[in-house]
Amino acid sequence: MTLDADRIRALHAAKLRALARSVLDVELAEVSGTDDGALAVAAGAEPAVVCLAQERSERALGGALALAERTGCDDVHVFAEDHSGVLARRAACFVPAPVVWSIEGASATAAEPAPRPVEPTPPRVPELVSLLASAGVEIAVEHGVITGEVEGLEVARVVPAAPAAEASDASEGSGDIDPHDGHESATAWQIEVGVGAHDREAFALLHADEPTAEAIGRVAEVVRTHRSPGASPHPLNRMGAARWLRSLLIRRPELVDAGRLRAASPPVPREGPKELSPAVAYGLTPDGRRLVVVVCVGIDLDVVPFAADARLFLDPDAELTIVLPRRDAHDVIRAMAARLDSPAEIAEIDDEWRTLSTAGA
């Protein structure tokens, strides 16, 4: 039986009350159940924010910290069944650090921070990378995956070739190197064209005989038309807005007082181009200091924990800048950025940044 939204929220609230009682020995008077979990402020001599991260749990820390800022609480507790290690790793970047609890049945234990992830090595496929470059797309490498993008939107991806296609022109001679035995593995690679997995599959069925370079160019031109100043609203200019803005900043780093930037991997892999998440860049300030830039479009309370995790992943000693359109630079995000053990700078950019996409390119 499918539960309605009100029932789900009530169950989340009840679960948080039970956990707060059994683990923290506090009674929660008012609990706000949400689709993703529940939030409450535990009254007492030293009030505390208490949070249940039930769904999309890896994104729960920002909401808890935002409530702490609004209520003046320094004590924050987050209960999670999934991703508790990632939450604990991100929580350790703040002062004072929130406590993350890993739910175990009706109780919970303090979560251990997950180790910094290790980024996989991408396949060694110079001929496919050259093909992407010749098609006029931006080349991005994230968590070992090579993609071709237009204004931050993926239009092509390097994937393992299907068995029947391993001898095709697109994958010939593109075997990966196995670091364990020093010889080329049997893996062959090819380029699939399209925006997301379903689009790539459909494109392959409909345009199987089209040369890869022409196919990339054709899809890229469609995307470029929609991701340009003055384009009418369309799904292709609503997806991946943060990555579109990152693409602009890589071309024009001076907009956020950077000297040089390149695309970089987020701290956790994305599920696909439709996922709403910040984009990450890495580079240098104008005077040569190392810099991690995290770009977000829209109000995202979890952008600061995400950005702290991105710096930890890429370069823990780098400076950190969070880029937001002016209308999204909310005071609570600034307060959370100042709460980091190494505070982040907030860089505002014009709300009409899309009109800058071709200017000065």
# chains A, B, ... in the order shown; residues from 1 in each chain; ligands from 1

call {"tool": "residues_around", "arguments": {"residues": "Gly85 (chain A)", "least_positions_apart": "6", "cutoff": "9 Å", "atoms": "only C-alpha atoms", "output": "PyMOL selection string"}}
result
chain A and resi 100+102+111-115

call {"tool": "write_last_selection", "arguments": {"atoms": "N, CA, C and O atoms", "output": "compact mmCIF listing (two decimals), in the first residue's frame"}}
result
# COMPACT_ATOMS: atom_id res chain seq x y z
N VAL A 100 26.74 13.23 13.96
CA VAL A 100 25.97 12.38 13.05
C VAL A 100 25.84 11.01 13.68
O VAL A 100 26.83 10.42 14.13
N SER A 102 24.43 7.04 13.25
CA SER A 102 24.04 5.97 12.33
C SER A 102 22.95 5.15 12.97
O SER A 102 23.16 4.53 14.03
N ALA A 111 28.42 8.03 14.13
CA ALA A 111 28.94 7.60 12.83
C ALA A 111 30.41 7.99 12.69
O ALA A 111 30.83 9.07 13.12
N GLU A 112 31.18 7.12 12.06
CA GLU A 112 32.57 7.41 11.73
C GLU A 112 32.62 8.11 10.37
O GLU A 112 31.95 7.69 9.43
N PRO A 113 33.43 9.16 10.26
CA PRO A 113 33.52 9.83 8.95
C PRO A 113 34.03 8.88 7.87
O PRO A 113 34.98 8.13 8.10
N ALA A 114 33.38 8.90 6.72
CA ALA A 114 33.85 8.10 5.59
C ALA A 114 35.19 8.65 5.11
O ALA A 114 35.44 9.86 5.17
N PRO A 115 36.07 7.80 4.62
CA PRO A 115 37.35 8.30 4.10
C PRO A 115 37.15 9.14 2.85
O PRO A 115 36.12 9.02 2.16

call {"tool": "closest_atom_pairs", "arguments": {"of": "region 231-269 of chain A", "to": "region 126-145 of chain A", "cutoff": "7 Å", "atoms": "only C-alpha atoms", "output": "Markdown table"}}
result
| residue | atom | partner | partner_atom | distance |
| --- | --- | --- | --- | --- |
| A:Ala263 | CA | A:Ala140 | CA | 6.5 |
| A:Ala264 | CA | A:Glu142 | CA | 6.6 |
| A:Ser265 | CA | A:Glu142 | CA | 4.6 |
| A:Pro269 | CA | A:His143 | CA | 6.4 |

call {"tool": "residues_around", "arguments": {"residues": "Leu52 (chain A)", "least_positions_apart": "4", "cutoff": "7 Å", "atoms": "only C-alpha atoms", "output": "list in words"}}
result
Leu16, Gly37, Ala38, Leu39, Val78, Phe79 and Ala80 of chain A

call {"tool": "closest_residue", "arguments": {"among": "A:Ala329, A:Leu19, A:Leu61, A:Thr109", "to": "Cys93 (chain A)", "atoms": "only C-alpha atoms"}}
result
A:Leu61

call {"tool": "residues_around", "arguments": {"residues": "Val297 (chain A)", "least_positions_apart": "3", "cutoff": "8 Å", "atoms": "only C-alpha atoms", "output": "list in words"}}
result
Ala241, Ala242, Pro278, Asp300, Leu324, Pro325 and Asp328 of chain A

call {"tool": "write_last_selection", "arguments": {"atoms": "all heavy atoms", "output": "short mmCIF file (atom, residue, chain, number, x, y, z; two decimals), in the first residue's frame"}}
result
data_model
loop_
_atom_site.label_atom_id
_atom_site.label_comp_id
_atom_site.auth_asym_id
_atom_site.auth_seq_id
_atom_site.Cartn_x
_atom_site.Cartn_y
_atom_site.Cartn_z
N ALA A 241 21.94 23.91 -14.72
CA ALA A 241 22.24 25.35 -14.74
C ALA A 241 23.58 25.65 -14.07
O ALA A 241 24.33 26.52 -14.54
CB ALA A 241 21.12 26.13 -14.07
N ALA A 242 23.88 24.94 -12.98
CA ALA A 242 25.15 25.19 -12.29
C ALA A 242 26.34 24.85 -13.19
O ALA A 242 27.36 25.54 -13.18
CB ALA A 242 25.21 24.38 -11.00
N PRO A 278 25.35 21.08 -7.27
CA PRO A 278 26.34 22.10 -7.62
C PRO A 278 27.41 21.53 -8.54
O PRO A 278 27.59 20.32 -8.66
CB PRO A 278 26.93 22.48 -6.25
CG PRO A 278 25.90 22.07 -5.24
CD PRO A 278 25.27 20.84 -5.82
N ASP A 300 19.93 26.35 -2.40
CA ASP A 300 20.29 24.99 -2.02
C ASP A 300 20.95 25.07 -0.65
O ASP A 300 22.11 25.46 -0.53
CB ASP A 300 21.24 24.37 -3.05
CG ASP A 300 21.60 22.92 -2.73
OD1 ASP A 300 21.24 22.44 -1.65
OD2 ASP A 300 22.27 22.28 -3.56
N LEU A 324 27.25 32.04 -6.37
CA LEU A 324 25.80 32.03 -6.42
C LEU A 324 25.30 33.25 -7.18
O LEU A 324 25.88 34.34 -7.06
CB LEU A 324 25.21 32.08 -5.00
CG LEU A 324 25.52 30.95 -4.04
CD1 LEU A 324 25.24 31.38 -2.61
CD2 LEU A 324 24.70 29.72 -4.39
N PRO A 325 24.23 33.11 -7.96
CA PRO A 325 23.56 34.31 -8.46
C PRO A 325 23.13 35.17 -7.27
O PRO A 325 22.81 34.66 -6.19
CB PRO A 325 22.35 33.75 -9.22
CG PRO A 325 22.77 32.37 -9.62
CD PRO A 325 23.61 31.87 -8.48
N ASP A 328 20.28 34.30 -5.02
CA ASP A 328 20.37 33.05 -4.26
C ASP A 328 21.35 33.13 -3.10
O ASP A 328 21.49 32.17 -2.34
CB ASP A 328 20.80 31.91 -5.19
CG ASP A 328 19.81 31.68 -6.32
OD1 ASP A 328 18.61 31.94 -6.11
OD2 ASP A 328 20.23 31.24 -7.41
#

call {"tool": "select_by_dssp", "arguments": {"residues": "region 295-331 of chain A", "states": "strand (DSSP E or B)", "output": "ChimeraX atom specification"}}
result
/A:295,319-325

call {"tool": "decode", "arguments": {"residues": "region 292-325 of chain A", "atoms": "N, CA and C atoms", "output": "compact mmCIF listing (two decimals), in the first residue's frame"}}
result
# COMPACT_ATOMS: atom_id res chain seq x y z
N VAL A 292 39.39 26.09 -4.89
CA VAL A 292 38.25 25.26 -5.26
C VAL A 292 37.04 26.17 -5.36
N VAL A 293 36.33 26.06 -6.48
CA VAL A 293 35.13 26.87 -6.71
C VAL A 293 33.93 25.94 -6.85
N VAL A 294 32.90 26.20 -6.08
CA VAL A 294 31.66 25.42 -6.16
C VAL A 294 30.56 26.35 -6.62
N VAL A 295 29.87 25.96 -7.67
CA VAL A 295 28.88 26.81 -8.34
C VAL A 295 27.49 26.25 -8.10
N CYS A 296 26.58 27.10 -7.69
CA CYS A 296 25.20 26.68 -7.43
C CYS A 296 24.25 27.71 -8.01
N VAL A 297 23.17 27.25 -8.62
CA VAL A 297 22.11 28.12 -9.12
C VAL A 297 20.81 27.70 -8.46
N GLY A 298 20.16 28.62 -7.78
CA GLY A 298 18.97 28.31 -7.00
C GLY A 298 19.32 28.17 -5.53
N ILE A 299 18.32 28.29 -4.67
CA ILE A 299 18.53 28.14 -3.23
C ILE A 299 18.76 26.66 -2.92
N ASP A 300 19.93 26.35 -2.40
CA ASP A 300 20.29 24.99 -2.02
C ASP A 300 20.95 25.07 -0.65
N LEU A 301 20.22 24.70 0.39
CA LEU A 301 20.75 24.80 1.74
C LEU A 301 21.93 23.87 1.97
N ASP A 302 22.09 22.87 1.12
CA ASP A 302 23.19 21.93 1.33
C ASP A 302 24.45 22.31 0.57
N VAL A 303 24.47 23.47 -0.07
CA VAL A 303 25.62 23.83 -0.90
C VAL A 303 26.89 23.98 -0.06
N VAL A 304 26.79 24.46 1.17
CA VAL A 304 28.00 24.67 1.97
C VAL A 304 28.61 23.33 2.41
N PRO A 305 27.83 22.38 2.98
CA PRO A 305 28.43 21.07 3.25
C PRO A 305 28.99 20.39 2.00
N PHE A 306 28.28 20.51 0.88
CA PHE A 306 28.77 19.95 -0.38
C PHE A 306 30.10 20.60 -0.76
N ALA A 307 30.18 21.92 -0.65
CA ALA A 307 31.40 22.62 -1.03
C ALA A 307 32.56 22.24 -0.11
N ALA A 308 32.29 22.12 1.18
CA ALA A 308 33.35 21.71 2.11
C ALA A 308 33.87 20.33 1.75
N ASP A 309 32.97 19.44 1.36
CA ASP A 309 33.37 18.09 0.97
C ASP A 309 34.15 18.11 -0.34
N ALA A 310 33.77 19.02 -1.25
CA ALA A 310 34.50 19.15 -2.51
C ALA A 310 35.94 19.58 -2.26
N ARG A 311 36.13 20.55 -1.37
CA ARG A 311 37.50 20.98 -1.05
C ARG A 311 38.28 19.84 -0.41
N LEU A 312 37.65 19.13 0.51
CA LEU A 312 38.32 18.00 1.16
C LEU A 312 38.74 16.96 0.14
N PHE A 313 37.91 16.75 -0.86
CA PHE A 313 38.17 15.76 -1.90
C PHE A 313 39.29 16.20 -2.83
N LEU A 314 39.26 17.45 -3.25
CA LEU A 314 40.19 17.92 -4.27
C LEU A 314 41.52 18.42 -3.70
N ASP A 315 41.43 19.22 -2.63
CA ASP A 315 42.63 19.86 -2.10
C ASP A 315 42.28 20.48 -0.75
N PRO A 316 42.49 19.77 0.34
CA PRO A 316 42.04 20.27 1.65
C PRO A 316 42.65 21.61 2.05
N ASP A 317 43.80 21.96 1.47
CA ASP A 317 44.46 23.21 1.85
C ASP A 317 44.14 24.37 0.92
N ALA A 318 43.28 24.14 -0.05
CA ALA A 318 42.93 25.20 -1.00
C ALA A 318 41.95 26.19 -0.39
N GLU A 319 41.90 27.37 -0.96
CA GLU A 319 40.84 28.30 -0.62
C GLU A 319 39.54 27.81 -1.27
N LEU A 320 38.42 28.25 -0.71
CA LEU A 320 37.12 27.79 -1.18
C LEU A 320 36.23 28.99 -1.46
N THR A 321 35.67 29.01 -2.67
CA THR A 321 34.70 30.04 -3.05
C THR A 321 33.42 29.37 -3.52
N ILE A 322 32.30 29.84 -3.00
CA ILE A 322 30.99 29.36 -3.43
C ILE A 322 30.35 30.46 -4.27
N VAL A 323 30.03 30.13 -5.51
CA VAL A 323 29.48 31.11 -6.45
C VAL A 323 27.97 30.94 -6.54
N LEU A 324 27.25 32.04 -6.37
CA LEU A 324 25.80 32.03 -6.42
C LEU A 324 25.30 33.25 -7.18
N PRO A 325 24.23 33.11 -7.96
CA PRO A 325 23.56 34.31 -8.46
C PRO A 325 23.13 35.17 -7.27
